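One structure is given below, encoded as structure tokens.
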Amino acid sequence: MEPDLKSLLVISRQPPTAIAAREALDLALAAAAFGVPVSLLFMDAGVLQLLPGQESTLIEQKPVASNLQALPMFGVEDLFVCQHSLAERGLQPGRFIINCKAVDSAEIATLLEHHDQVVAL
Amino acid sequence: MEPDLKSLLVISRQPPTAIAAREALDLALAAAAFGVPVSLLFMDAGVLQLLPGQESTLIEQKPVASNLQALPMFGVEDLFVCQHSLAERGLQPGRFIINCKAVDSAEIATLLEHHDQVVAL
Amino acid sequence: MKFAIALLAGPQDPAARSALMFAEAVLAGGHQISRLFFYRDAVHLASTLGVQPQDECDLARRWKAFINDNGLDAVVCIAAALRRGILDAAEADRWERPVANTGEPWVLSGLGQWVDALQTADRAVTFGT
Amino acid sequence: MKFAIALLAGPQDPAARSALMFAEAVLAGGHQISRLFFYRDAVHLASTLGVQPQDECDLARRWKAFINDNGLDAVVCIAAALRRGILDAAEADRWERPVANTGEPWVLSGLGQWVDALQTADRAVTFGT
Amino acid sequence: MRSTLLHLLRHAPQDDTHFATSLRVIGPEQGLLLIEDAVYALLPRTSAVNAMQLLPASIRLFALESDVLARGLAIDDLPQRVSLIDYPDMVELCTRYDKVLSW
Amino acid sequence: MRSTLLHLLRHAPQDDTHFATSLRVIGPEQGLLLIEDAVYALLPRTSAVNAMQLLPASIRLFALESDVLARGLAIDDLPQRVSLIDYPDMVELCTRYDKVLSW
């Protein structure tokens, strides 16, 4: 048992409207609730979760904002976002629902190497 | 009731290993069985169904070849394949499981216009 | 006009709601729906067993109410349903399964029902590709 | 080594077979499987109601046999399962549904079981992303 | 017989090839309607939105307003030629074109 | 602590962005294993197979042989640096790398 391994959860597939997006955040919150230190990396369509002003009640969905904003309260504070994925979508870091550190491909490679567990959802 | 409308089925998403590929061909065969004239257009990942030599029993799947080869027997004879999708995958028409006419984007636009029903699966 | 509407994606996909909103607007606009056809993962909408979190919308329940309220013809592809474990009482009996998880207003039937709908409707619209 | 194996895709996805082949090879290689975890659409593998065409392989049946034969811990995410209409007798009772469509050897439990498996296994491998 | 066609797109252009495919085969008098995640094609400064701007002016472009707003896209940033519509408009649009192709 | 990583890919590079993503972030001592539809990355004369050829020689490339053959790819056409493996090899490979990341 190595209860203090640090895990990295890569959220790389789900736009916020997918139930799967919620299910990925649920895993982060579950890990945090069990005291497992966890970092999050938003990539590809996953970065779309960070857009402010999502009026998701118009399509009868719970906003992901509340799940995202709960992360720091659960102790999930190392949040990263892939610069390349942002650029592909014409987005810039800095005006998101939660603060994420923008990282380039080399920095992502380092993140993958330096975490003990890596799970992509 | 216009029972003799000609339909075009666009198979554009499924590599042969997806159950969805089989379900798309099933629709073509069902249409033919009901006497509805139907043309088929293979695009995007759908063109991968046409590759010869698929030893799909190695992954415990029925080969799609038998479904494809059944098409002409059911009267489905107008078979088209998207040139652009082939090129993206390094493939050339002419050595496929069944004979398909390679069409470019302009010809596809014409096919879409000249069929009375168009369904993509 | 007569609309035929097909849904291919499951209850967890945004398409399950889009198709319902569209179908409601079709009727509200004075048109008819000659048939609804549920294929691939959309067959899961016919399950009576789904339990949605209280604050999420229950699309299976809403589809069922919409179909009942408007007396619509809602066909679930039988081949897709069997594969995915959606059985009505007759199929559960035929395949010797202990229970069924779908029934009225949903009707299990063949792909021919979609072919027929495509042929006889004025407009056919597919959701969830 | 102790492996934790998670499957996210449903029975219709090639991943459902890949994960099974891999799990079998893990045991054949003299390793252990500390837990299997079924999330998202993979919860459908736990359904007892699927009926596969005779000439197609029945992965739900094979997973069940594999789990039983090797006495494995096979956890189905309860939140994902409820959403998708996969209920054991206790959940059917709790949510007042007329029937259940899963049961032994599958165990409905929380995401914490996956977190725990990730922490305690030597290797964690996910299929069906 | 030549007939008019409405292309219905639902996947984000960054994640799915069908956006590019549909632009490649769209005819000059056809229409394009973005629903669900396809509205991400309207994100400013993307190759997708640029490609849409370059379509012949005879091609009409539509997007479902609720899907646009639900995803946090700013209405002010949208290309002028895109008409925002609701579900009743979508039904009307389907009657106006001879057929609808969902990618 | 720096550790070794095996990237596990299962989607075709022509249909899914994760192939490109994984190539972008792969480190020099890591491995790449293609299973399921990711083996379509080995189709000759494609940008995907070219991109794989350009990876540093220190990155080991693997593909599941049954998935390659099942999809009709000719073994003779595969890049030499790709090792074809079976499931027991895959298990062994997972033990050799410190962790496995499925895209």
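Going through the structure tokens in order, the chains are called A, B, and so on, while each chain numbers its residues from 1 and the ligands are numbered from 1 in the order shown.
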Residues near F:Leu55, cut-off 10 Å, only C-alpha atoms, skip fewer than 2 positions along chain, as a ChimeraX atom specification: /F:23-24,26-28,50-53,57-61
If we count only C-alpha atoms and set the cut-off at 6 Å, which residues sit around stretch 81-83 of chain D, ignoring sequence neighbours fewer than 2 positions away in its own chain? Please answer as a PyMOL selection string. (chain C and resi 50-52) or (chain D and resi 43+78-79+85-86)
Those residues with all heavy atoms, as a PDB file, in the first residue's frame please?
```pdb
ATOM      1  N   GLY C  50     -34.059   2.784 -15.735  1.00  0.00           N
ATOM      2  CA  GLY C  50     -33.133   3.890 -15.483  1.00  0.00           C
ATOM      3  C   GLY C  50     -33.560   4.729 -14.283  1.00  0.00           C
ATOM      4  O   GLY C  50     -34.741   5.003 -14.097  1.00  0.00           O
ATOM      5  N   VAL C  51     -32.583   5.117 -13.479  1.00  0.00           N
ATOM      6  CA  VAL C  51     -32.843   5.986 -12.320  1.00  0.00           C
ATOM      7  C   VAL C  51     -31.939   7.202 -12.460  1.00  0.00           C
ATOM      8  O   VAL C  51     -30.717   7.092 -12.336  1.00  0.00           O
ATOM      9  CB  VAL C  51     -32.521   5.257 -10.996  1.00  0.00           C
ATOM     10  CG1 VAL C  51     -32.760   6.194  -9.813  1.00  0.00           C
ATOM     11  CG2 VAL C  51     -33.335   3.979 -10.857  1.00  0.00           C
ATOM     12  N   GLN C  52     -32.513   8.368 -12.738  1.00  0.00           N
ATOM     13  CA  GLN C  52     -31.696   9.561 -12.953  1.00  0.00           C
ATOM     14  C   GLN C  52     -31.529  10.337 -11.647  1.00  0.00           C
ATOM     15  O   GLN C  52     -32.446  10.349 -10.824  1.00  0.00           O
ATOM     16  CB  GLN C  52     -32.334  10.473 -14.005  1.00  0.00           C
ATOM     17  CG  GLN C  52     -32.624   9.773 -15.332  1.00  0.00           C
ATOM     18  CD  GLN C  52     -31.442   8.973 -15.870  1.00  0.00           C
ATOM     19  OE1 GLN C  52     -30.324   9.463 -15.868  1.00  0.00           O
ATOM     20  NE2 GLN C  52     -31.690   7.744 -16.295  1.00  0.00           N
TER      21      GLN C  52
ATOM     22  N   VAL D  43     -21.080  -0.650 -17.808  1.00  0.00           N
ATOM     23  CA  VAL D  43     -22.014  -1.225 -16.832  1.00  0.00           C
ATOM     24  C   VAL D  43     -23.023  -2.151 -17.509  1.00  0.00           C
ATOM     25  O   VAL D  43     -23.552  -3.074 -16.877  1.00  0.00           O
ATOM     26  CB  VAL D  43     -22.765  -0.138 -16.013  1.00  0.00           C
ATOM     27  CG1 VAL D  43     -21.769   0.779 -15.295  1.00  0.00           C
ATOM     28  CG2 VAL D  43     -23.705   0.680 -16.882  1.00  0.00           C
ATOM     29  N   ILE D  78     -21.981   2.234  -9.289  1.00  0.00           N
ATOM     30  CA  ILE D  78     -23.417   2.276  -8.996  1.00  0.00           C
ATOM     31  C   ILE D  78     -24.089   3.499  -9.620  1.00  0.00           C
ATOM     32  O   ILE D  78     -25.210   3.404 -10.136  1.00  0.00           O
ATOM     33  CB  ILE D  78     -23.667   2.189  -7.472  1.00  0.00           C
ATOM     34  CG1 ILE D  78     -25.151   1.987  -7.177  1.00  0.00           C
ATOM     35  CG2 ILE D  78     -23.120   3.399  -6.735  1.00  0.00           C
ATOM     36  CD1 ILE D  78     -25.417   1.548  -5.748  1.00  0.00           C
ATOM     37  N   ALA D  79     -23.408   4.640  -9.626  1.00  0.00           N
ATOM     38  CA  ALA D  79     -24.022   5.849 -10.195  1.00  0.00           C
ATOM     39  C   ALA D  79     -24.221   5.686 -11.695  1.00  0.00           C
ATOM     40  O   ALA D  79     -25.281   6.026 -12.242  1.00  0.00           O
ATOM     41  CB  ALA D  79     -23.153   7.069  -9.892  1.00  0.00           C
ATOM     42  N   GLY D  85     -29.897   2.178 -16.153  1.00  0.00           N
ATOM     43  CA  GLY D  85     -30.905   1.136 -15.987  1.00  0.00           C
ATOM     44  C   GLY D  85     -30.340  -0.241 -15.714  1.00  0.00           C
ATOM     45  O   GLY D  85     -30.912  -1.243 -16.145  1.00  0.00           O
ATOM     46  N   ILE D  86     -29.229  -0.309 -15.004  1.00  0.00           N
ATOM     47  CA  ILE D  86     -28.669  -1.592 -14.564  1.00  0.00           C
ATOM     48  C   ILE D  86     -28.850  -1.655 -13.051  1.00  0.00           C
ATOM     49  O   ILE D  86     -28.184  -0.922 -12.313  1.00  0.00           O
ATOM     50  CB  ILE D  86     -27.172  -1.705 -14.942  1.00  0.00           C
ATOM     51  CG1 ILE D  86     -26.970  -1.557 -16.450  1.00  0.00           C
ATOM     52  CG2 ILE D  86     -26.569  -3.021 -14.429  1.00  0.00           C
ATOM     53  CD1 ILE D  86     -27.577  -2.669 -17.287  1.00  0.00           C
TER      54      ILE D  86
END
```
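We find atom CA of F:Phe62 and atom CA of D:Gly29 to be spaced 19.1 Å apart.
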Write out as a PDB file with N, CA, C and O atoms, in the first residue's frame each polymer residue whose atoms come within 8 Å of A:Asp116, counting only C-alpha atoms; drop sequence neighbours fewer than 6 positions from it.
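Everything below was put into part_30.pdb:
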```pdb
ATOM      1  N   LEU A   5       0.444   8.154  -3.143  1.00  0.00           N
ATOM      2  CA  LEU A   5       0.797   8.366  -4.543  1.00  0.00           C
ATOM      3  C   LEU A   5       0.007   9.549  -5.090  1.00  0.00           C
ATOM      4  O   LEU A   5      -1.156   9.729  -4.792  1.00  0.00           O
ATOM      5  N   LYS A   6       0.644  10.301  -5.938  1.00  0.00           N
ATOM      6  CA  LYS A   6      -0.027  11.443  -6.550  1.00  0.00           C
ATOM      7  C   LYS A   6      -0.558  11.017  -7.918  1.00  0.00           C
ATOM      8  O   LYS A   6       0.178  10.449  -8.732  1.00  0.00           O
ATOM      9  N   SER A   7      -1.823  11.268  -8.176  1.00  0.00           N
ATOM     10  CA  SER A   7      -2.428  10.856  -9.430  1.00  0.00           C
ATOM     11  C   SER A   7      -2.711  12.056 -10.325  1.00  0.00           C
ATOM     12  O   SER A   7      -3.006  13.149  -9.848  1.00  0.00           O
ATOM     13  N   LEU A   8      -2.636  11.814 -11.623  1.00  0.00           N
ATOM     14  CA  LEU A   8      -2.995  12.837 -12.603  1.00  0.00           C
ATOM     15  C   LEU A   8      -4.180  12.329 -13.389  1.00  0.00           C
ATOM     16  O   LEU A   8      -4.148  11.237 -13.965  1.00  0.00           O
TER      17      LEU A   8
ATOM     18  N   SER F   3       9.187   8.534 -14.074  1.00  0.00           N
ATOM     19  CA  SER F   3       8.907   7.122 -14.317  1.00  0.00           C
ATOM     20  C   SER F   3       8.593   6.882 -15.785  1.00  0.00           C
ATOM     21  O   SER F   3       8.283   7.805 -16.523  1.00  0.00           O
ATOM     22  N   LYS F  99       3.983   2.687 -15.752  1.00  0.00           N
ATOM     23  CA  LYS F  99       2.533   2.924 -15.788  1.00  0.00           C
ATOM     24  C   LYS F  99       2.033   2.936 -17.219  1.00  0.00           C
ATOM     25  O   LYS F  99       2.824   3.055 -18.157  1.00  0.00           O
TER      26      LYS F  99
END
```
Using only C-alpha atoms and a cut-off of 12 Å, which residues of chain C sit close to chain B? Please list them as a ChimeraX atom specification. /C:2,4-9,39-41,77-81,83-84,110-129
Take the residues from that selection and put them in a file with N, CA, C and O atoms, as a compact mmCIF listing (two decimals), in the first residue's frame.
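Result written to again28.txt:
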```txt
# COMPACT_ATOMS: atom_id res chain seq x y z
N LYS C 2 -45.85 15.15 -42.94
CA LYS C 2 -45.60 13.96 -42.12
C LYS C 2 -44.10 13.79 -41.90
O LYS C 2 -43.34 13.69 -42.86
N ALA C 4 -40.90 11.60 -40.22
CA ALA C 4 -40.38 10.38 -39.58
C ALA C 4 -39.11 10.81 -38.84
O ALA C 4 -38.26 11.49 -39.41
N ILE C 5 -39.00 10.43 -37.57
CA ILE C 5 -37.86 10.85 -36.76
C ILE C 5 -37.16 9.62 -36.21
O ILE C 5 -37.79 8.75 -35.61
N ALA C 6 -35.85 9.55 -36.47
CA ALA C 6 -35.06 8.43 -35.95
C ALA C 6 -34.05 8.96 -34.95
O ALA C 6 -33.50 10.05 -35.12
N LEU C 7 -33.82 8.18 -33.90
CA LEU C 7 -32.79 8.52 -32.91
C LEU C 7 -31.84 7.34 -32.79
O LEU C 7 -32.28 6.19 -32.66
N LEU C 8 -30.53 7.62 -32.86
CA LEU C 8 -29.53 6.56 -32.84
C LEU C 8 -28.72 6.54 -31.55
O LEU C 8 -28.09 5.53 -31.23
N ALA C 9 -28.66 7.66 -30.84
CA ALA C 9 -27.79 7.76 -29.67
C ALA C 9 -28.58 7.51 -28.39
O ALA C 9 -29.80 7.70 -28.34
N TYR C 39 -32.91 3.34 -32.75
CA TYR C 39 -31.94 2.37 -33.27
C TYR C 39 -30.65 2.50 -32.44
O TYR C 39 -30.45 3.46 -31.72
N ARG C 40 -29.78 1.53 -32.59
CA ARG C 40 -28.51 1.51 -31.84
C ARG C 40 -28.75 1.79 -30.36
O ARG C 40 -29.70 1.30 -29.79
N ASP C 41 -27.92 2.65 -29.75
CA ASP C 41 -28.02 2.84 -28.30
C ASP C 41 -29.30 3.56 -27.88
O ASP C 41 -29.62 3.59 -26.68
N CYS C 77 -35.94 -0.80 -32.58
CA CYS C 77 -35.41 -1.87 -33.43
C CYS C 77 -35.16 -3.11 -32.60
O CYS C 77 -34.39 -3.10 -31.63
N ILE C 78 -35.80 -4.20 -32.98
CA ILE C 78 -35.75 -5.40 -32.15
C ILE C 78 -34.36 -6.02 -32.11
O ILE C 78 -33.90 -6.48 -31.06
N ALA C 79 -33.64 -5.99 -33.23
CA ALA C 79 -32.30 -6.59 -33.26
C ALA C 79 -31.35 -5.80 -32.35
O ALA C 79 -30.58 -6.37 -31.57
N ALA C 80 -31.41 -4.48 -32.46
CA ALA C 80 -30.56 -3.63 -31.63
C ALA C 80 -30.93 -3.79 -30.16
O ALA C 80 -30.06 -3.77 -29.28
N ALA C 81 -32.22 -3.93 -29.88
CA ALA C 81 -32.69 -4.03 -28.49
C ALA C 81 -32.25 -5.36 -27.86
O ALA C 81 -31.76 -5.37 -26.72
N ARG C 83 -29.67 -7.24 -28.60
CA ARG C 83 -28.23 -7.15 -28.35
C ARG C 83 -27.92 -6.38 -27.06
O ARG C 83 -26.97 -6.68 -26.36
N ARG C 84 -28.70 -5.33 -26.83
CA ARG C 84 -28.42 -4.43 -25.71
C ARG C 84 -29.22 -4.73 -24.46
O ARG C 84 -29.23 -3.94 -23.51
N GLY C 110 -38.96 -4.65 -36.53
CA GLY C 110 -37.77 -4.74 -37.38
C GLY C 110 -37.40 -3.44 -38.07
O GLY C 110 -38.14 -2.45 -38.06
N LEU C 111 -36.22 -3.47 -38.69
CA LEU C 111 -35.71 -2.33 -39.44
C LEU C 111 -36.62 -1.93 -40.59
O LEU C 111 -36.60 -0.78 -41.04
N GLY C 112 -37.42 -2.87 -41.07
CA GLY C 112 -38.36 -2.58 -42.15
C GLY C 112 -39.28 -1.42 -41.77
O GLY C 112 -39.74 -0.67 -42.63
N GLN C 113 -39.54 -1.27 -40.48
CA GLN C 113 -40.40 -0.18 -40.02
C GLN C 113 -39.75 1.18 -40.28
O GLN C 113 -40.42 2.17 -40.51
N TRP C 114 -38.41 1.20 -40.22
CA TRP C 114 -37.74 2.47 -40.53
C TRP C 114 -37.73 2.70 -42.04
O TRP C 114 -37.99 3.80 -42.50
N VAL C 115 -37.46 1.63 -42.79
CA VAL C 115 -37.48 1.74 -44.24
C VAL C 115 -38.84 2.27 -44.69
O VAL C 115 -38.93 3.21 -45.48
N ASP C 116 -39.88 1.69 -44.13
CA ASP C 116 -41.23 2.11 -44.49
C ASP C 116 -41.47 3.57 -44.12
O ASP C 116 -42.02 4.34 -44.91
N ALA C 117 -40.98 3.97 -42.93
CA ALA C 117 -41.18 5.36 -42.50
C ALA C 117 -40.43 6.32 -43.43
O ALA C 117 -40.95 7.38 -43.79
N LEU C 118 -39.22 5.94 -43.83
CA LEU C 118 -38.44 6.78 -44.73
C LEU C 118 -39.18 6.96 -46.06
O LEU C 118 -39.13 8.03 -46.69
N GLN C 119 -39.86 5.92 -46.50
CA GLN C 119 -40.54 5.95 -47.79
C GLN C 119 -41.81 6.77 -47.77
O GLN C 119 -42.18 7.41 -48.75
N THR C 120 -42.51 6.72 -46.64
CA THR C 120 -43.86 7.28 -46.64
C THR C 120 -43.94 8.67 -46.00
O THR C 120 -44.96 9.34 -46.15
N ALA C 121 -42.89 9.08 -45.30
CA ALA C 121 -42.94 10.41 -44.68
C ALA C 121 -42.56 11.49 -45.69
O ALA C 121 -41.88 11.21 -46.68
N ASP C 122 -43.00 12.71 -45.43
CA ASP C 122 -42.57 13.83 -46.27
C ASP C 122 -41.15 14.24 -45.93
O ASP C 122 -40.39 14.67 -46.79
N ARG C 123 -40.81 14.14 -44.64
CA ARG C 123 -39.46 14.49 -44.21
C ARG C 123 -38.98 13.45 -43.21
O ARG C 123 -39.74 13.08 -42.31
N ALA C 124 -37.73 13.04 -43.36
CA ALA C 124 -37.13 12.14 -42.40
C ALA C 124 -35.94 12.85 -41.77
O ALA C 124 -35.10 13.41 -42.48
N VAL C 125 -35.90 12.87 -40.45
CA VAL C 125 -34.81 13.54 -39.75
C VAL C 125 -34.20 12.57 -38.74
O VAL C 125 -34.93 11.93 -37.97
N THR C 126 -32.88 12.44 -38.79
CA THR C 126 -32.17 11.52 -37.90
C THR C 126 -31.39 12.31 -36.86
O THR C 126 -30.73 13.30 -37.19
N PHE C 127 -31.45 11.87 -35.63
CA PHE C 127 -30.66 12.48 -34.55
C PHE C 127 -29.69 11.46 -33.97
O PHE C 127 -29.97 10.26 -33.98
N GLY C 128 -28.58 11.96 -33.46
CA GLY C 128 -27.68 11.09 -32.71
C GLY C 128 -26.76 10.24 -33.57
O GLY C 128 -26.32 9.17 -33.13
N THR C 129 -26.42 10.70 -34.77
CA THR C 129 -25.48 9.97 -35.63
C THR C 129 -24.09 9.99 -35.00
O THR C 129 -23.76 10.86 -34.23
```
Measuring atom to atom with only C-alpha atoms, identify which of E:Thr17, E:Arg2, E:Pro56, E:Ile35 is nearest to chain C. E:Ile35
Selection: 12 Å around D:Phe66, only C-alpha atoms, excl. self and same-chain fewer than 3 positions, as a list in words: Ala19, Leu20, Met21, Phe22, Ala23, Glu24, Ala25, Leu27, Ile33, Leu36, Leu59, Ala60, Arg61, Arg62, Trp63, Asp69, Asn70, Gly71, Leu72, Asp73, Ala74, Pro105 and Trp106 of chain D
Write a file of the selected residues as a PDB file, in the first residue's frame, keeping C-alpha atoms.
```pdb
ATOM      1  CA  ALA D  19     -10.116  -6.000 -21.843  1.00  0.00           C
ATOM      2  CA  LEU D  20     -11.252  -9.594 -21.365  1.00  0.00           C
ATOM      3  CA  MET D  21      -8.381 -10.994 -23.459  1.00  0.00           C
ATOM      4  CA  PHE D  22      -5.954  -8.870 -21.476  1.00  0.00           C
ATOM      5  CA  ALA D  23      -7.432  -9.911 -18.129  1.00  0.00           C
ATOM      6  CA  GLU D  24      -7.197 -13.575 -19.098  1.00  0.00           C
ATOM      7  CA  ALA D  25      -3.549 -13.067 -20.110  1.00  0.00           C
ATOM      8  CA  LEU D  27      -3.920 -14.402 -14.858  1.00  0.00           C
ATOM      9  CA  ILE D  33      -6.212  -8.984 -10.675  1.00  0.00           C
ATOM     10  CA  LEU D  36     -12.153  -5.126 -12.166  1.00  0.00           C
ATOM     11  CA  LEU D  59     -19.171 -10.920 -24.033  1.00  0.00           C
ATOM     12  CA  ALA D  60     -21.475 -10.410 -21.060  1.00  0.00           C
ATOM     13  CA  ARG D  61     -21.702 -14.181 -20.627  1.00  0.00           C
ATOM     14  CA  ARG D  62     -17.951 -14.600 -21.032  1.00  0.00           C
ATOM     15  CA  TRP D  63     -17.066 -11.840 -18.584  1.00  0.00           C
ATOM     16  CA  ASP D  69     -14.231 -19.017 -12.527  1.00  0.00           C
ATOM     17  CA  ASN D  70     -11.487 -16.920 -10.981  1.00  0.00           C
ATOM     18  CA  GLY D  71     -13.376 -15.536  -8.007  1.00  0.00           C
ATOM     19  CA  LEU D  72     -12.620 -11.956  -8.996  1.00  0.00           C
ATOM     20  CA  ASP D  73     -13.805  -8.714  -7.473  1.00  0.00           C
ATOM     21  CA  ALA D  74     -15.954  -7.134 -10.217  1.00  0.00           C
ATOM     22  CA  PRO D 105     -20.967 -11.957  -9.418  1.00  0.00           C
ATOM     23  CA  TRP D 106     -21.302  -8.237 -10.177  1.00  0.00           C
TER      24      TRP D 106
END
```
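Interatomic distance, atom CA of F:Tyr97 against atom CA of A:Ala106: 20.0 Å.
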Rounded to one decimal in Å, what is the spacing between atom CA of B:Phe42 and atom CA of B:Ile11? 4.9 Å
Taking only C-alpha atoms into account, which residues of chain A are within 7 Å of chain E, as a ChimeraX atom specification? /A:51-56,58-59,88-90
Considering only C-alpha atoms, extract the chain E residues located within 6 Å of chain C and return them as a ChimeraX atom specification. /E:87-88,91,102
